[in-house]
file data.pdb (PDB, C-alpha atoms)
MODEL        1
ATOM      1  CA  MET A 275     -43.254  -0.281   1.407
ATOM      2  CA  THR A 276     -41.681   0.733   4.695
ATOM      3  CA  ASP A 277     -38.824   3.188   4.849
ATOM      4  CA  LYS A 278     -36.132   2.059   7.254
ATOM      5  CA  PRO A 279     -32.333   2.096   7.390
ATOM      6  CA  GLU A 280     -30.410  -0.841   5.953
ATOM      7  CA  PRO A 281     -27.394  -2.443   7.610
ATOM      8  CA  ASN A 282     -23.903  -1.321   6.493
ATOM      9  CA  LYS A 283     -25.133   1.908   4.933
ATOM     10  CA  GLU A 284     -24.419   5.446   6.086
ATOM     11  CA  TYR A 285     -27.179   8.039   6.441
ATOM     12  CA  ALA A 286     -27.230  11.810   6.985
ATOM     13  CA  LEU A 287     -29.145  12.468  10.185
ATOM     14  CA  THR A 288     -28.717  16.258  10.207
ATOM     15  CA  GLY A 289     -27.835  18.898   7.653
ATOM     16  CA  LYS A 290     -28.499  22.410   6.379
ATOM     17  CA  THR A 291     -31.909  23.540   5.200
ATOM     18  CA  GLY A 292     -32.670  21.778   1.933
ATOM     19  CA  ASP A 293     -30.174  18.933   2.506
ATOM     20  CA  ALA A 294     -31.429  15.385   2.199
ATOM     21  CA  CYS A 295     -31.326  14.216   5.817
ATOM     22  CA  ILE A 296     -33.599  12.616   8.395
ATOM     23  CA  ALA A 297     -33.904  15.839  10.448
ATOM     24  CA  ASN A 298     -35.295  17.662   7.376
ATOM     25  CA  GLY A 299     -37.946  14.975   6.779
ATOM     26  CA  SER A 300     -36.197  13.069   4.024
ATOM     27  CA  SER A 301     -36.644   9.305   3.802
ATOM     28  CA  TRP A 302     -33.891   6.914   4.809
ATOM     29  CA  LYS A 303     -33.314   6.139   1.130
ATOM     30  CA  GLU A 304     -33.054   9.859   0.263
ATOM     31  CA  SER A 305     -30.728  10.425   3.256
ATOM     32  CA  GLU A 306     -28.260   7.710   2.259
ATOM     33  CA  VAL A 307     -24.735   9.147   1.967
ATOM     34  CA  LYS A 308     -23.293   8.329  -1.419
ATOM     35  CA  LYS A 309     -19.546   7.753  -1.200
ATOM     36  CA  LYS A 310     -17.519   9.239  -4.000
ATOM     37  CA  PRO A 311     -15.387   6.540  -5.649
ATOM     38  CA  GLU A 312     -11.650   6.859  -5.098
ATOM     39  CA  THR A 313      -9.666   8.399  -7.922
ATOM     40  CA  CYS A 314      -6.720   6.504  -9.418
ATOM     41  CA  ASN A 315      -4.438   8.928  -7.588
ATOM     42  CA  GLU A 316      -6.093   8.161  -4.230
ATOM     43  CA  GLN A 317      -5.931   4.409  -4.888
ATOM     44  CA  LEU A 318      -2.249   4.695  -5.810
ATOM     45  CA  GLU A 319      -1.519   6.678  -2.658
ATOM     46  CA  GLY A 320      -3.212   4.011  -0.529
ATOM     47  CA  MET A 321      -1.268   1.150  -2.156
ATOM     48  CA  VAL A 322       2.093   2.921  -1.832
ATOM     49  CA  LYS A 323       1.452   3.853   1.798
ATOM     50  CA  LYS A 324       0.385   0.295   2.719
ATOM     51  CA  ILE A 325       3.553  -1.251   1.303
ATOM     52  CA  ALA A 326       5.765   1.342   3.036
ATOM     53  CA  LEU A 327       4.016   0.810   6.370
ATOM     54  CA  ASP A 328       4.228  -2.994   6.002
ATOM     55  CA  ILE A 329       8.028  -2.733   5.648
ATOM     56  CA  THR A 330       8.352  -0.247   8.506
ATOM     57  CA  GLU A 331       6.040  -2.133  10.874
ATOM     58  CA  LYS A 332       7.412  -5.597  10.013
ATOM     59  CA  ALA A 333       3.926  -6.556   8.834
ATOM     60  CA  ILE A 334       5.205  -8.936   6.180
ATOM     61  CA  THR A 335       3.579 -11.917   7.918
ATOM     62  CA  ARG A 336       0.296 -10.707   6.419
ATOM     63  CA  TYR A 337       1.781  -9.438   3.158
ATOM     64  CA  ASN A 338      -0.521  -9.791   0.149
ATOM     65  CA  GLY A 339      -3.095 -11.441   2.383
ATOM     66  CA  TYR A 340      -1.002 -14.518   3.149
ATOM     67  CA  GLU A 341      -0.743 -15.426   6.818
ATOM     68  CA  THR A 342       2.403 -17.066   8.140
ATOM     69  CA  GLU A 343       3.768 -18.220  11.469
ATOM     70  CA  GLN A 344       7.250 -16.752  10.846
ATOM     71  CA  ASP A 345       8.896 -14.900  13.722
ATOM     72  CA  GLU A 346       8.493 -11.173  13.084
ATOM     73  CA  ASP A 347      11.903 -10.494  14.655
ATOM     74  CA  ASP A 348      13.761 -12.638  12.099
ATOM     75  CA  GLU A 349      14.707 -10.014   9.509
ATOM     76  CA  GLY A 350      16.135 -12.566   7.057
ATOM     77  CA  ALA A 351      12.884 -14.539   7.012
ATOM     78  CA  LEU A 352      10.823 -11.371   6.603
ATOM     79  CA  ALA A 353      13.007 -10.092   3.760
ATOM     80  CA  SER A 354      12.818 -13.499   2.070
ATOM     81  CA  ARG A 355       9.031 -13.519   2.483
ATOM     82  CA  PHE A 356       8.784 -10.039   0.973
ATOM     83  CA  MET A 357      10.972 -11.085  -1.959
ATOM     84  CA  ASP A 358       8.484 -13.874  -2.798
ATOM     85  CA  HIS A 359       6.226 -11.102  -4.140
ATOM     86  CA  VAL A 360       8.831  -9.153  -6.130
ATOM     87  CA  TYR A 361       8.485  -9.216  -9.921
ATOM     88  CA  ASN A 362      11.841  -7.671 -10.791
ATOM     89  CA  ILE A 363      15.047  -6.400  -9.186
ATOM     90  CA  GLU A 364      16.814  -3.374 -10.638
ATOM     91  CA  TRP A 365      20.347  -3.323  -9.233
ATOM     92  CA  ILE A 366      22.008  -0.003  -8.425
ATOM     93  CA  THR A 367      25.774  -0.448  -8.321
ATOM     94  CA  HIS A 368      28.956   1.539  -7.842
ATOM     95  CA  GLN A 369      31.370   1.983 -10.741
ATOM     96  CA  ASP A 370      33.205  -1.215  -9.715
ATOM     97  CA  HIS A 371      29.822  -3.070  -9.870
ATOM     98  CA  SER A 372      29.648  -3.565  -6.107
ATOM     99  CA  TYR A 373      26.224  -3.306  -4.504
ATOM    100  CA  LYS A 374      24.904   0.157  -3.695
ATOM    101  CA  ALA A 375      21.129  -0.381  -3.546
ATOM    102  CA  ALA A 376      18.231  -1.874  -5.480
ATOM    103  CA  ARG A 377      14.734  -1.103  -6.694
ATOM    104  CA  LEU A 378      12.116  -3.818  -6.375
ATOM    105  CA  LEU A 379       9.081  -3.981  -8.663
ATOM    106  CA  VAL A 380       6.209  -5.114  -6.439
ATOM    107  CA  ALA A 381       3.260  -4.211  -8.696
ATOM    108  CA  GLY A 382       2.944  -3.794 -12.437
ATOM    109  CA  GLY A 383       0.390  -3.751 -15.194
ATOM    110  CA  GLY A 384      -1.965  -1.173 -13.662
ATOM    111  CA  PRO A 385       0.015   0.872 -11.256
ATOM    112  CA  ASN A 386       3.764   0.240 -11.279
ATOM    113  CA  ILE A 387       5.093   0.265  -7.732
ATOM    114  CA  TRP A 388       8.793   0.144  -6.835
ATOM    115  CA  VAL A 389      10.435  -0.222  -3.430
ATOM    116  CA  ASN A 390      13.540   1.978  -3.708
ATOM    117  CA  LEU A 391      16.250   0.992  -1.229
ATOM    118  CA  GLN A 392      18.503   3.879  -2.255
ATOM    119  CA  THR A 393      15.977   6.513  -1.159
ATOM    120  CA  ASN A 394      13.959   4.312   1.254
ATOM    121  CA  THR A 395      10.735   5.219  -0.504
ATOM    122  CA  VAL A 396       7.950   3.254  -2.118
ATOM    123  CA  ASP A 397       7.306   4.955  -5.460
ATOM    124  CA  GLY A 398       4.083   4.379  -7.377
ATOM    125  CA  TYR A 399       3.269   5.391 -10.942
ATOM    126  CA  TRP A 400      -0.131   5.160 -12.609
ATOM    127  CA  GLY A 401      -0.571   7.052 -15.848
ATOM    128  CA  ALA A 402       0.524  10.619 -15.113
ATOM    129  CA  ASP A 403       0.158  10.176 -11.327
ATOM    130  CA  LYS A 404       3.155   9.583  -9.056
ATOM    131  CA  ARG A 405       3.110   8.980  -5.316
ATOM    132  CA  SER A 406       5.962   8.287  -2.894
ATOM    133  CA  TYR A 407       5.964   7.279   0.745
ATOM    134  CA  GLY A 408       9.014   6.819   2.957
ATOM    135  CA  PHE A 409       9.783   3.723   5.004
ATOM    136  CA  VAL A 410      12.284   2.367   7.512
ATOM    137  CA  ASP A 411      13.815  -0.938   6.407
ATOM    138  CA  ASN A 412      12.906  -2.892   9.534
ATOM    139  CA  ILE A 413      12.844  -6.215   7.683
ATOM    140  CA  GLY A 414      16.458  -6.179   6.460
ATOM    141  CA  LEU A 415      15.761  -5.928   2.724
ATOM    142  CA  ASP A 416      18.931  -3.964   1.980
ATOM    143  CA  GLU A 417      21.197  -6.476   3.763
ATOM    144  CA  TYR A 418      19.354  -9.389   2.147
ATOM    145  CA  LEU A 419      19.808  -7.929  -1.342
ATOM    146  CA  GLN A 420      23.461  -7.092  -0.703
ATOM    147  CA  GLU A 421      24.077 -10.763   0.151
ATOM    148  CA  ILE A 422      22.267 -11.902  -3.005
ATOM    149  CA  HIS A 423      24.286  -9.468  -5.140
ATOM    150  CA  GLU A 424      27.603 -10.567  -3.632
ATOM    151  CA  ASP A 425      26.749 -14.222  -4.349
ATOM    152  CA  LYS A 426      26.369 -13.506  -8.095
TER     153      LYS A 426
ENDMDL
END

call {"tool": "encode", "arguments": {"input": "data.pdb", "output": "structure tokens"}}
result
Amino acid sequence: MTDKPEPNKEYALTGKTGDACIANGSSWKESEVKKKPETCNEQLEGMVKKIALDITEKAITRYNGYETEQDEDDEGALASRFMDHVYNIEWITHQDHSYKAARLLVAGGGPNIWVNLQTNTVDGYWGADKRSYGFVDNIGLDEYLQEIHEDK
């Protein structure tokens, strides 16, 4: 059996004395770098950050893996596209019931992830973990939701 590196794997070429690496005479198999699996907290942080950056960068044309030809400068179309993937809207209103803001449930069941238009944060909850990441509403979600609320 020959010992050689395999494609798409990472190997330690150098290291301290006693480390499993090629420079110390270890085999390619022994020198393979084992990646530590992400914790739930790290996964949650990645999901929250991705959603926040998608809103900020107007990346909704690739939201949830769906490609579209919509014009990325058309905020109404982008907000509408984003809303296609919202499970629930929690309205935040003034005392007279006029629109103030909203929270949008965009993931549930494992992590619960809310887009909060009052604080402009994406807030994720998974067990005892909580992660938040700020965004700039460059897709016009707040205006879109205000129009929907006024039409009710």

call {"tool": "residues_around", "arguments": {"input": "data.pdb", "residues": "segment 405-417 of chain A", "least_positions_apart": "4", "cutoff": "6 Å", "atoms": "all atoms listed in the file", "output": "PyMOL selection string"}}
result
chain A and resi 319+323+326+330+332+349+352-353+394-398

call {"tool": "resolve_selection", "arguments": {"input": "data.pdb", "expression": "the PyMOL selection byres ((chain A and resi 359) around 10)", "output": "PyMOL selection string"}}
result
chain A and resi 337-338+354-358+360-362+378-381

call {"tool": "resolve_selection", "arguments": {"input": "data.pdb", "expression": "the PyMOL selection byres ((chain A and resi 375) around 6)", "output": "list in words"}}
result
Ile366, Tyr373, Lys374, Ala376, Leu391 and Gln392 of chain A

call {"tool": "atom_distance", "arguments": {"input": "data.pdb", "atom1": "atom CA of Glu421 of chain A", "atom2": "atom CA of Gln369 of chain A"}}
result
18.3 Å

call {"tool": "closest_residue", "arguments": {"input": "data.pdb", "among": "A:Lys309, A:Ile387, A:Leu419, A:Thr276", "to": "Trp365 of chain A", "atoms": "only C-alpha atoms"}}
result
A:Leu419

call {"tool": "residues_around", "arguments": {"input": "data.pdb", "residues": "Gly401 of chain A", "least_positions_apart": "6", "cutoff": "10 Å", "atoms": "all atoms listed in the file", "output": "list in words"}}
result
Cys314, Asn315, Gly384, Pro385 and Asn386 of chain A

call {"tool": "atom_distance", "arguments": {"input": "data.pdb", "atom1": "atom CA of Asp370 of chain A", "atom2": "atom CA of Ile422 of chain A"}}
result
16.7 Å

call {"tool": "resolve_selection", "arguments": {"input": "data.pdb", "expression": "the PyMOL selection byres ((chain A and resi 308) around 12)", "output": "list in words"}}
result
Lys283, Glu284, Tyr285, Ala286, Ala294, Lys303, Glu304, Ser305, Glu306, Val307, Lys309, Lys310 and Pro311 of chain A

call {"tool": "closest_residue", "arguments": {"input": "data.pdb", "among": "A:Thr393, A:Ser300, A:Asn282, A:Gln420", "to": "Ser372 of chain A", "atoms": "all atoms listed in the file"}}
result
A:Gln420

call {"tool": "atom_distance", "arguments": {"input": "data.pdb", "atom1": "atom CA of Gln317 of chain A", "atom2": "atom CA of Gly383 of chain A"}}
result
14.6 Å

call {"tool": "decode", "arguments": {"input": "data.pdb", "residues": "segment 290-301 of chain A", "atoms": "C-alpha atoms", "output": "PDB file, in the first residue's frame"}}
result
ATOM      1  CA  LYS A 290       6.917  20.764  16.683  1.00  0.00           C
ATOM      2  CA  THR A 291       8.958  17.762  17.741  1.00  0.00           C
ATOM      3  CA  GLY A 292       6.586  14.861  18.295  1.00  0.00           C
ATOM      4  CA  ASP A 293       3.773  16.323  16.149  1.00  0.00           C
ATOM      5  CA  ALA A 294       2.321  14.160  13.416  1.00  0.00           C
ATOM      6  CA  CYS A 295       3.603  15.907  10.290  1.00  0.00           C
ATOM      7  CA  ILE A 296       5.485  15.095   7.101  1.00  0.00           C
ATOM      8  CA  ALA A 297       8.659  16.908   8.254  1.00  0.00           C
ATOM      9  CA  ASN A 298       8.832  14.640  11.340  1.00  0.00           C
ATOM     10  CA  GLY A 299       8.552  11.468   9.226  1.00  0.00           C
ATOM     11  CA  SER A 300       4.873  10.774   9.749  1.00  0.00           C
ATOM     12  CA  SER A 301       2.859   9.229   6.925  1.00  0.00           C
TER      13      SER A 301
END
